$ cat final38.cif   # mmCIF, C-alpha atoms
data_protein
loop_
_atom_site.group_PDB
_atom_site.id
_atom_site.type_symbol
_atom_site.label_atom_id
_atom_site.label_comp_id
_atom_site.auth_asym_id
_atom_site.auth_seq_id
_atom_site.Cartn_x
_atom_site.Cartn_y
_atom_site.Cartn_z
ATOM 1 C CA THR A 11 144.978 73.825 100.138
ATOM 2 C CA TYR A 12 148.701 74.371 99.678
ATOM 3 C CA SER A 13 151.077 71.575 98.634
ATOM 4 C CA VAL A 14 154.883 71.338 98.602
ATOM 5 C CA VAL A 15 157.009 68.817 96.744
ATOM 6 C CA ALA A 16 160.816 68.709 96.904
ATOM 7 C CA TYR A 17 162.823 67.694 93.832
ATOM 8 C CA ASN A 18 166.425 66.667 93.226
ATOM 9 C CA ALA A 19 168.340 64.840 90.525
ATOM 10 C CA TYR A 20 166.684 61.579 91.490
ATOM 11 C CA GLY A 21 163.096 62.860 91.204
ATOM 12 C CA ALA A 22 160.287 64.118 93.386
ATOM 13 C CA GLY A 23 159.915 63.635 97.080
ATOM 14 C CA THR A 24 156.729 63.096 99.086
ATOM 15 C CA ARG A 25 154.013 65.699 98.629
ATOM 16 C CA GLU A 26 153.009 67.462 101.830
ATOM 17 C CA SER A 27 149.743 69.447 101.945
ATOM 18 C CA VAL A 28 148.008 71.743 104.371
ATOM 19 C CA THR A 29 144.491 73.198 104.196
ATOM 20 C CA ILE A 30 143.709 76.517 105.842
ATOM 21 C CA PHE A 31 140.677 78.807 105.866
ATOM 22 C CA VAL A 32 141.244 82.035 103.929
ATOM 23 C CA GLY A 33 137.667 83.271 103.625
ATOM 24 C CA TYR A 34 134.437 82.452 101.832
ATOM 25 C CA ASP A 35 133.895 82.573 98.090
ATOM 26 C CA ILE A 36 130.943 84.246 96.353
ATOM 27 C CA PRO A 37 127.765 82.547 97.582
ATOM 28 C CA ALA A 38 125.423 80.369 95.565
ATOM 29 C CA ALA A 39 122.298 82.057 94.234
ATOM 30 C CA PRO A 40 119.266 81.890 96.552
ATOM 31 C CA SER A 41 116.743 79.145 95.831
ATOM 32 C CA GLY A 42 113.088 78.678 96.681
ATOM 33 C CA VAL A 43 112.329 82.353 96.055
ATOM 34 C CA SER A 44 108.589 83.054 96.136
ATOM 35 C CA ILE A 45 106.401 86.137 96.316
ATOM 36 C CA ARG A 46 102.846 86.689 97.504
ATOM 37 C CA GLU A 47 100.628 89.656 98.108
ATOM 38 C CA THR A 48 99.720 90.257 101.735
ATOM 39 C CA ASP A 49 96.234 91.164 102.945
ATOM 40 C CA THR A 50 97.186 94.775 102.212
ATOM 41 C CA PRO A 51 96.732 95.448 98.456
ATOM 42 C CA GLY A 52 100.026 96.438 96.837
ATOM 43 C CA GLU A 53 102.173 94.988 99.644
ATOM 44 C CA VAL A 54 104.247 91.868 98.931
ATOM 45 C CA CYS A 55 106.159 89.333 100.995
ATOM 46 C CA LEU A 56 109.252 87.627 99.598
ATOM 47 C CA THR A 57 110.546 84.384 101.100
ATOM 48 C CA TRP A 58 113.508 82.177 100.160
ATOM 49 C CA ASP A 59 115.666 79.316 101.362
ATOM 50 C CA ALA A 60 118.783 80.092 103.375
ATOM 51 C CA VAL A 61 122.008 79.935 101.343
ATOM 52 C CA ASP A 62 124.546 77.600 102.966
ATOM 53 C CA THR A 63 127.118 77.021 100.209
ATOM 54 C CA ASP A 64 129.291 79.064 97.897
ATOM 55 C CA ARG A 65 129.010 78.970 94.092
ATOM 56 C CA ASN A 66 131.222 75.854 94.036
ATOM 57 C CA GLY A 67 129.210 73.949 96.630
ATOM 58 C CA ASN A 68 131.521 74.546 99.595
ATOM 59 C CA PRO A 69 129.747 75.131 102.933
ATOM 60 C CA ILE A 70 129.274 78.649 104.308
ATOM 61 C CA LYS A 71 128.227 79.572 107.835
ATOM 62 C CA ALA A 72 124.941 81.454 108.137
ATOM 63 C CA SER A 73 126.720 84.288 109.946
ATOM 64 C CA ALA A 74 128.795 84.995 106.815
ATOM 65 C CA ILE A 75 125.730 85.421 104.558
ATOM 66 C CA SER A 76 123.476 88.435 104.072
ATOM 67 C CA TYR A 77 120.736 89.086 101.541
ATOM 68 C CA GLY A 78 119.480 91.875 99.333
ATOM 69 C CA ILE A 79 116.092 92.558 97.756
ATOM 70 C CA CYS A 80 116.153 93.541 94.082
ATOM 71 C CA VAL A 81 113.536 95.291 91.954
ATOM 72 C CA PRO A 82 113.630 96.226 88.251
ATOM 73 C CA GLY A 83 115.681 99.257 87.274
ATOM 74 C CA ALA A 84 114.437 102.144 85.169
ATOM 75 C CA ASP A 85 115.240 100.246 81.944
ATOM 76 C CA GLY A 86 112.988 97.370 83.000
ATOM 77 C CA THR A 87 115.666 94.740 82.386
ATOM 78 C CA SER A 88 118.404 95.319 84.978
ATOM 79 C CA TRP A 89 118.091 94.850 88.734
ATOM 80 C CA VAL A 90 118.655 97.470 91.425
ATOM 81 C CA ILE A 91 119.010 96.719 95.122
ATOM 82 C CA LYS A 92 116.136 98.032 97.194
ATOM 83 C CA GLU A 93 117.324 96.666 100.542
ATOM 84 C CA ASN A 94 120.464 94.838 101.651
ATOM 85 C CA GLU A 95 122.292 93.480 104.712
ATOM 86 C CA LEU A 96 119.278 91.351 105.584
ATOM 87 C CA LYS A 97 119.890 88.282 107.737
ATOM 88 C CA SER A 98 116.431 86.691 107.652
ATOM 89 C CA THR A 99 114.892 84.803 104.740
ATOM 90 C CA THR A 100 111.712 86.860 104.469
ATOM 91 C CA TYR A 101 111.033 90.482 103.638
ATOM 92 C CA THR A 102 107.776 92.438 103.318
ATOM 93 C CA PHE A 103 107.520 95.779 101.564
ATOM 94 C CA LYS A 104 105.113 98.091 99.780
ATOM 95 C CA TYR A 105 105.461 97.458 96.053
ATOM 96 C CA LEU A 106 102.872 100.010 94.922
ATOM 97 C CA SER A 107 102.687 103.540 96.274
ATOM 98 C CA SER A 108 98.894 103.539 95.910
ATOM 99 C CA ALA A 109 96.652 100.587 96.735
ATOM 100 C CA MET A 110 94.220 101.819 94.066
ATOM 101 C CA GLN A 111 96.722 100.923 91.345
ATOM 102 C CA GLN A 112 97.445 97.499 89.902
ATOM 103 C CA ASP A 113 100.711 96.285 88.416
ATOM 104 C CA PHE A 114 102.810 93.164 88.058
ATOM 105 C CA ALA A 115 105.264 92.819 90.929
ATOM 106 C CA ARG A 116 108.768 91.746 89.939
ATOM 107 C CA ALA A 117 111.344 91.161 92.639
ATOM 108 C CA GLY A 118 114.358 88.985 93.328
ATOM 109 C CA VAL A 119 116.857 88.028 96.005
ATOM 110 C CA VAL A 120 120.660 88.184 95.965
ATOM 111 C CA ALA A 121 123.089 86.709 98.513
ATOM 112 C CA PHE A 122 126.306 88.365 99.726
ATOM 113 C CA THR A 123 129.554 87.375 101.402
ATOM 114 C CA ASP A 124 132.658 89.495 101.813
ATOM 115 C CA ALA A 125 133.811 88.049 98.466
ATOM 116 C CA GLY A 126 130.879 89.526 96.548
ATOM 117 C CA ALA A 127 127.324 88.960 95.372
ATOM 118 C CA SER A 128 125.590 85.953 93.872
ATOM 119 C CA THR A 129 123.412 86.161 90.809
ATOM 120 C CA VAL A 130 119.856 87.370 91.380
ATOM 121 C CA THR A 131 117.100 84.790 91.686
ATOM 122 C CA ALA A 132 113.781 86.248 90.572
ATOM 123 C CA ALA A 133 110.408 85.271 91.969
ATOM 124 C CA ASP A 134 107.515 84.578 89.635
ATOM 125 C CA MET A 135 105.791 87.791 88.562
ATOM 126 C CA ILE A 136 102.369 88.335 90.150
ATOM 127 C CA PRO A 137 99.695 91.057 89.842
ATOM 128 C CA VAL A 138 99.273 93.179 92.962
ATOM 129 C CA GLY A 139 97.056 96.068 93.957
ATOM 130 C CA THR A 140 93.318 96.566 93.619
ATOM 131 C CA ALA A 141 91.562 94.085 91.331
ATOM 132 C CA TYR A 142 89.673 95.333 88.303
ATOM 133 C CA SER A 143 85.907 95.377 88.699
ATOM 134 C CA GLY A 144 84.780 93.838 85.435
ATOM 135 C CA PHE A 145 87.030 93.679 82.406
ATOM 136 C CA HIS A 146 86.740 94.802 78.773
ATOM 137 C CA GLU A 147 89.964 94.930 76.776
ATOM 138 C CA THR A 148 89.828 95.877 73.090
ATOM 139 C CA ALA A 149 93.452 96.848 72.230
ATOM 140 C CA SER A 150 91.967 99.902 70.514
ATOM 141 C CA ASP A 151 94.448 101.666 68.188
ATOM 142 C CA GLY A 152 97.087 99.152 69.216
ATOM 143 C CA SER A 153 97.155 100.091 72.908
ATOM 144 C CA LEU A 154 95.977 98.365 76.089
ATOM 145 C CA ASP A 155 93.674 99.604 78.831
ATOM 146 C CA TYR A 156 94.722 96.994 81.407
ATOM 147 C CA ILE A 157 97.971 95.379 82.514
ATOM 148 C CA TRP A 158 99.006 92.180 80.741
ATOM 149 C CA ALA A 159 102.047 89.942 81.049
ATOM 150 C CA SER A 160 103.334 87.914 78.105
ATOM 151 C CA ALA A 161 105.478 84.789 78.002
ATOM 152 C CA VAL A 162 107.030 82.869 75.097
ATOM 153 C CA THR A 163 108.656 79.457 74.791
ATOM 154 C CA SER A 164 111.192 80.533 72.162
ATOM 155 C CA PRO A 165 113.040 83.699 71.169
ATOM 156 C CA LEU A 166 111.556 83.190 67.698
ATOM 157 C CA CYS A 167 108.072 83.680 69.127
ATOM 158 C CA SER A 168 106.601 87.094 69.963
ATOM 159 C CA VAL A 169 103.485 88.751 71.370
ATOM 160 C CA SER A 170 102.720 92.126 69.803
ATOM 161 C CA LEU A 171 100.052 94.773 69.428
ATOM 162 C CA TYR A 172 98.864 95.161 65.826
ATOM 163 C CA THR A 173 96.681 97.770 64.137
ATOM 164 C CA ASP A 174 94.471 97.243 61.112
ATOM 165 C CA SER A 175 97.345 98.292 58.834
ATOM 166 C CA THR A 176 99.909 95.828 60.240
ATOM 167 C CA LEU A 177 98.716 92.818 58.249
ATOM 168 C CA GLU A 178 97.030 93.451 54.944
ATOM 169 C CA GLY A 179 93.524 92.050 54.842
ATOM 170 C CA ILE A 180 93.166 91.375 58.574
ATOM 171 C CA PRO A 181 91.214 94.205 60.236
ATOM 172 C CA SER A 182 90.356 94.085 63.941
ATOM 173 C CA GLN A 183 87.209 92.120 64.746
ATOM 174 C CA ASP A 184 85.404 95.124 66.272
ATOM 175 C CA ARG A 185 86.931 97.614 63.809
ATOM 176 C CA ASP A 186 88.641 99.612 66.571
ATOM 177 C CA ASN A 187 92.060 99.405 64.868
ATOM 178 C CA GLY A 188 93.769 97.071 67.304
ATOM 179 C CA TYR A 189 94.332 93.463 68.396
ATOM 180 C CA ILE A 190 96.906 91.271 70.115
ATOM 181 C CA ALA A 191 98.916 89.004 67.801
ATOM 182 C CA ILE A 192 101.208 86.055 68.413
ATOM 183 C CA TYR A 193 103.866 85.271 65.802
ATOM 184 C CA SER A 194 106.294 82.382 65.543
ATOM 185 C CA GLN A 195 108.533 80.698 63.007
ATOM 186 C CA ASN A 196 108.313 77.226 64.575
ATOM 187 C CA THR A 197 105.302 74.923 64.756
ATOM 188 C CA ASP A 198 105.952 73.845 68.340
ATOM 189 C CA ASP A 199 106.403 77.328 69.828
ATOM 190 C CA GLY A 200 103.922 78.745 72.291
ATOM 191 C CA ALA A 201 103.064 82.065 73.869
ATOM 192 C CA SER A 202 100.590 83.363 76.400
ATOM 193 C CA ILE A 203 99.160 86.569 77.785
ATOM 194 C CA SER A 204 98.114 86.812 81.436
ATOM 195 C CA SER A 205 95.760 89.385 82.861
ATOM 196 C CA GLY A 206 95.921 91.268 86.097
ATOM 197 C CA LYS A 207 93.525 90.530 88.953
ATOM 198 C CA ILE A 208 89.834 90.683 88.031
ATOM 199 C CA SER A 209 87.075 90.788 90.635
ATOM 200 C CA LEU A 210 83.925 88.842 89.778
ATOM 201 C CA ALA A 211 82.109 90.142 92.849
ATOM 202 C CA GLY A 212 78.437 90.818 92.121
ATOM 203 C CA ILE A 213 78.527 88.916 88.800
ATOM 204 C CA SER A 214 76.244 85.875 89.043
ATOM 205 C CA GLU A 215 77.073 84.297 85.679
ATOM 206 C CA PRO A 216 80.525 85.505 84.621
ATOM 207 C CA MET A 217 81.727 84.650 81.119
ATOM 208 C CA LEU A 218 84.945 85.283 79.215
ATOM 209 C CA THR A 219 84.536 85.996 75.510
ATOM 210 C CA PHE A 220 87.104 86.935 72.881
ATOM 211 C CA TYR A 221 87.798 86.377 69.186
ATOM 212 C CA THR A 222 90.617 84.609 67.357
ATOM 213 C CA TYR A 223 91.431 84.778 63.659
ATOM 214 C CA GLY A 224 91.423 81.705 61.410
ATOM 215 C CA LEU A 225 94.431 82.563 59.253
ATOM 216 C CA PHE A 226 94.465 80.342 56.155
ATOM 217 C CA ASP A 227 97.790 79.406 54.579
ATOM 218 C CA ALA A 228 97.985 78.164 50.998
ATOM 219 C CA LEU A 229 100.754 75.704 51.946
ATOM 220 C CA TYR A 230 99.569 74.478 55.350
ATOM 221 C CA GLY A 231 95.806 74.984 55.007
ATOM 222 C CA THR A 232 93.471 75.678 57.917
ATOM 223 C CA CYS A 233 95.159 77.057 61.034
ATOM 224 C CA LYS A 234 96.014 74.242 63.452
ATOM 225 C CA ASN A 235 97.236 76.434 66.310
ATOM 226 C CA THR A 236 95.744 75.622 69.701
ATOM 227 C CA VAL A 237 93.927 78.172 71.836
ATOM 228 C CA CYS A 238 93.888 77.482 75.584
ATOM 229 C CA VAL A 239 92.303 79.393 78.448
ATOM 230 C CA ASP A 240 93.526 78.964 82.020
ATOM 231 C CA VAL A 241 92.080 80.546 85.151
ATOM 232 C CA ARG A 242 93.300 80.780 88.711
ATOM 233 C CA GLU A 243 92.193 82.481 91.858
ATOM 234 C CA ALA A 244 94.614 85.171 92.974
ATOM 235 C CA GLY A 245 97.660 83.411 94.410
ATOM 236 C CA GLY A 246 96.428 79.946 93.379
ATOM 237 C CA SER A 247 97.280 77.401 90.698
ATOM 238 C CA TRP A 248 96.220 77.514 87.060
ATOM 239 C CA ALA A 249 93.278 75.390 85.891
ATOM 240 C CA ARG A 250 92.642 74.637 82.203
ATOM 241 C CA LEU A 251 89.055 75.536 81.234
ATOM 242 C CA TYR A 252 89.231 75.577 77.442
ATOM 243 C CA GLU A 253 91.316 74.056 74.642
ATOM 244 C CA LYS A 254 90.508 73.980 70.912
ATOM 245 C CA THR A 255 92.334 74.467 67.636
ATOM 246 C CA VAL A 256 91.797 77.706 65.750
ATOM 247 C CA GLY A 257 90.299 75.658 62.919
ATOM 248 C CA GLU A 258 87.593 74.445 65.308
ATOM 249 C CA ILE A 259 86.802 77.994 66.393
ATOM 250 C CA ALA A 260 86.937 80.115 63.246
ATOM 251 C CA GLU A 261 86.374 79.651 59.538
ATOM 252 C CA ASN A 262 89.285 80.350 57.200
ATOM 253 C CA ASP A 263 90.256 84.030 57.131
ATOM 254 C CA CYS A 264 87.491 84.956 59.561
ATOM 255 C CA TRP A 265 87.212 85.863 63.209
ATOM 256 C CA GLY A 266 85.718 83.200 65.471
ATOM 257 C CA ARG A 267 84.279 83.694 68.947
ATOM 258 C CA VAL A 268 85.552 81.915 72.063
ATOM 259 C CA SER A 269 83.255 81.713 75.097
ATOM 260 C CA VAL A 270 84.403 80.328 78.440
ATOM 261 C CA ASP A 271 82.015 79.818 81.353
ATOM 262 C CA LEU A 272 83.396 81.263 84.596
ATOM 263 C CA LYS A 273 80.419 80.533 86.864
ATOM 264 C CA ALA A 274 82.614 78.330 89.076
ATOM 265 C CA TYR A 275 84.549 81.490 89.971
ATOM 266 C CA ALA A 276 81.553 83.782 90.584
ATOM 267 C CA GLY A 277 82.260 86.243 93.381
ATOM 268 C CA LYS A 278 85.995 85.477 93.413
ATOM 269 C CA THR A 279 89.084 87.379 92.304
ATOM 270 C CA ILE A 280 90.765 85.658 89.380
ATOM 271 C CA GLN A 281 93.520 85.930 86.817
ATOM 272 C CA LEU A 282 93.173 84.822 83.179
ATOM 273 C CA ARG A 283 95.780 83.286 80.868
ATOM 274 C CA ILE A 284 95.239 82.786 77.127
#

$ encode --input "final38.cif" --output "structure tokens"
Amino acid sequence: TYSVVAYNAYGAGTRESVTIFVGYDIPAAPSGVSIRETDTPGEVCLTWDAVDTDRNGNPIKASAISYGICVPGADGTSWVIKENELKSTTYTFKYLSSAMQQDFARAGVVAFTDAGASTVTAADMIPVGTAYSGFHETASDGSLDYIWASAVTSPLCSVSLYTDSTLEGIPSQDRDNGYIAIYSQNTDDGASISSGKISLAGISEPMLTFYTYGLFDALYGTCKNTVCVDVREAGGSWARLYEKTVGEIAENDCWGRVSVDLKAYAGKTIQLRI
């Protein structure tokens, strides 16, 4: 919109304005971005809502919008464009080169106009590929045998791999020199680890077992942290199966065993979150 006002010694005249189209601005970021694995292991389908406004909420015609598919760059933090100039709101591609592998799929969508690119909207990360047959993770020597994803509620909270020498006086439960540790400075922080896909086919009475440490603090006493276990079928919603405080599970400065019955999921492919 352009406006003109004439002035003289007596003041300003009437403002006259005209609005003309000079092109579209940078588009708004895509919304409704979701990802799922197709019936082909390792292949994923991304879907999203059509972008119809620019970053300031002004309308944009569909013909002026195109989309790009983004995947993580070599550094694991930046995005690189895998495919662009797409006009539809769905895209299917092979995420893993081998269906016998398993990994967490990370992908996002970016919108384009002639003015430039929107920010990338990432889909939730999901495990894709061939499910593990059985599962036994020990974190031996501070390393993992299976894929895990971690999430934290605060930058002051972390999920790390420890060895028996990391914390004085706290050796691994099975003496294999490794365990997964969660650390935080705030009482209300939380963190989780999520497994890849696990097949329970052929297991009539599946059970999840693991150990947690009852760290005693001279100031705060028995550990009051809460341990939760969630399960979902691949591609489904999380269900809470277990919730207890560490103090209910383990004695002070000892390892305590957690056992979670998974019979309701016998024969299915699941994902675990602790």

$ resolve_selection --input "final38.cif" --expression "the PyMOL selection byres ((chain A and resi 104-111) around 6)" --output "list in words"
Pro51, Gly52, Glu53, Phe103, Gln112, Gly139 and Thr140 of chain A

$ resolve_selection --input "final38.cif" --expression "the PyMOL selection byres ((chain A and resi 58) around 6)" --output "list in words"
Gly42, Val43, Thr57, Asp59 and Thr99 of chain A

$ atom_distance --input "final38.cif" --atom1 "atom CA of A:Lys71" --atom2 "atom CA of A:Val54"
28.4 Å

$ atom_distance --input "final38.cif" --atom1 "atom CA of A:Leu96" --atom2 "atom CA of A:Val120"
10.2 Å

$ residues_around --input "final38.cif" --residues "A:Glu243" --least-positions-apart "4" --cutoff "12 Å" --atoms "only C-alpha atoms" --output "PDB file with C-alpha atoms, in the coordinates of the input"
ATOM      1  CA  ILE A 136     102.369  88.335  90.150  1.00  0.00           C
ATOM      2  CA  PRO A 137      99.695  91.057  89.842  1.00  0.00           C
ATOM      3  CA  ALA A 141      91.562  94.085  91.331  1.00  0.00           C
ATOM      4  CA  SER A 205      95.760  89.385  82.861  1.00  0.00           C
ATOM      5  CA  GLY A 206      95.921  91.268  86.097  1.00  0.00           C
ATOM      6  CA  LYS A 207      93.525  90.530  88.953  1.00  0.00           C
ATOM      7  CA  ILE A 208      89.834  90.683  88.031  1.00  0.00           C
ATOM      8  CA  SER A 209      87.075  90.788  90.635  1.00  0.00           C
ATOM      9  CA  LEU A 210      83.925  88.842  89.778  1.00  0.00           C
ATOM     10  CA  SER A 247      97.280  77.401  90.698  1.00  0.00           C
ATOM     11  CA  TRP A 248      96.220  77.514  87.060  1.00  0.00           C
ATOM     12  CA  ALA A 249      93.278  75.390  85.891  1.00  0.00           C
ATOM     13  CA  LEU A 272      83.396  81.263  84.596  1.00  0.00           C
ATOM     14  CA  ALA A 274      82.614  78.330  89.076  1.00  0.00           C
ATOM     15  CA  TYR A 275      84.549  81.490  89.971  1.00  0.00           C
ATOM     16  CA  ALA A 276      81.553  83.782  90.584  1.00  0.00           C
ATOM     17  CA  GLY A 277      82.260  86.243  93.381  1.00  0.00           C
ATOM     18  CA  LYS A 278      85.995  85.477  93.413  1.00  0.00           C
ATOM     19  CA  THR A 279      89.084  87.379  92.304  1.00  0.00           C
ATOM     20  CA  ILE A 280      90.765  85.658  89.380  1.00  0.00           C
ATOM     21  CA  GLN A 281      93.520  85.930  86.817  1.00  0.00           C
ATOM     22  CA  LEU A 282      93.173  84.822  83.179  1.00  0.00           C
ATOM     23  CA  ARG A 283      95.780  83.286  80.868  1.00  0.00           C
TER      24      ARG A 283
END

$ residues_around --input "final38.cif" --residues "stretch 166-174 of chain A" --least-positions-apart "4" --cutoff "12 Å" --atoms "only C-alpha atoms" --output "ChimeraX atom specification"
/A:148-154,158-162,178-204,284

$ residues_around --input "final38.cif" --residues "A:Val32" --least-positions-apart "4" --cutoff "12 Å" --atoms "all atoms listed in the file" --output "PyMOL selection string"
chain A and resi 11-12+124-125

$ atom_distance --input "final38.cif" --atom1 "atom CA of A:Pro69" --atom2 "atom CA of A:Gly33"
11.4 Å

$ closest_residue --input "final38.cif" --among "A:Ala244, A:Ile91, A:Val270, A:Val237" --to "A:Thr219" --atoms "all atoms listed in the file"
A:Val270

$ axis_aligned_box --input "final38.cif" --around "stretch 165-183 of chain A" --padding-each-side "8 Å" --output "JSON"
{"center_x": 100.1, "center_y": 90.7, "center_z": 63.1, "size_x": 41.8, "size_y": 31.1, "size_z": 32.5}

$ closest_residue --input "final38.cif" --among "A:Met217, A:Val239, A:Ala38, A:Val81" --to "A:Leu56" --atoms "only C-alpha atoms"
A:Val81

$ residues_near_point --input "final38.cif" --point "(132.8, 79.1, 96.5)" --cutoff "12 Å" --atoms "only C-alpha atoms" --output "list in words"
Val32, Gly33, Tyr34, Asp35, Ile36, Pro37, Ala38, Ala39, Val61, Asp62, Thr63, Asp64, Arg65, Asn66, Gly67, Asn68, Pro69, Ile70, Phe122, Thr123, Asp124, Ala125, Gly126, Ala127 and Ser128 of chain A

$ closest_residue --input "final38.cif" --among "A:Ile213, A:Ala260, A:Ala22, A:Val138" --to "A:Cys233" --atoms "all atoms listed in the file"
A:Ala260

$ residues_around --input "final38.cif" --residues "A:Val256" --least-positions-apart "6" --cutoff "9 Å" --atoms "only C-alpha atoms" --output "number ranges by chain"
A: 222-225, 232-237, 266

$ residues_around --input "final38.cif" --residues "A:Ser88" --least-positions-apart "6" --cutoff "12 Å" --atoms "only C-alpha atoms" --output "short mmCIF file (atom, residue, chain, number, x, y, z; two decimals) with C-alpha atoms, keeping the file's coordinate frame"
data_model
loop_
_atom_site.label_atom_id
_atom_site.label_comp_id
_atom_site.auth_asym_id
_atom_site.auth_seq_id
_atom_site.Cartn_x
_atom_site.Cartn_y
_atom_site.Cartn_z
CA CYS A 80 116.15 93.54 94.08
CA VAL A 81 113.54 95.29 91.95
CA PRO A 82 113.63 96.23 88.25
CA ARG A 116 108.77 91.75 89.94
CA ALA A 117 111.34 91.16 92.64
CA GLY A 118 114.36 88.98 93.33
CA THR A 129 123.41 86.16 90.81
CA VAL A 130 119.86 87.37 91.38
CA ALA A 132 113.78 86.25 90.57
#

$ closest_residue --input "final38.cif" --among "A:Cys55, A:Ile45, A:Ala115, A:Leu177" --to "A:Ala133" --atoms "only C-alpha atoms"
A:Ile45

$ resolve_selection --input "final38.cif" --expression "the PyMOL selection byres ((chain A and resi 98) around 9)" --output "list in words"
Ala60, Ser76, Tyr77, Leu96, Lys97, Thr99, Thr100 and Tyr101 of chain A
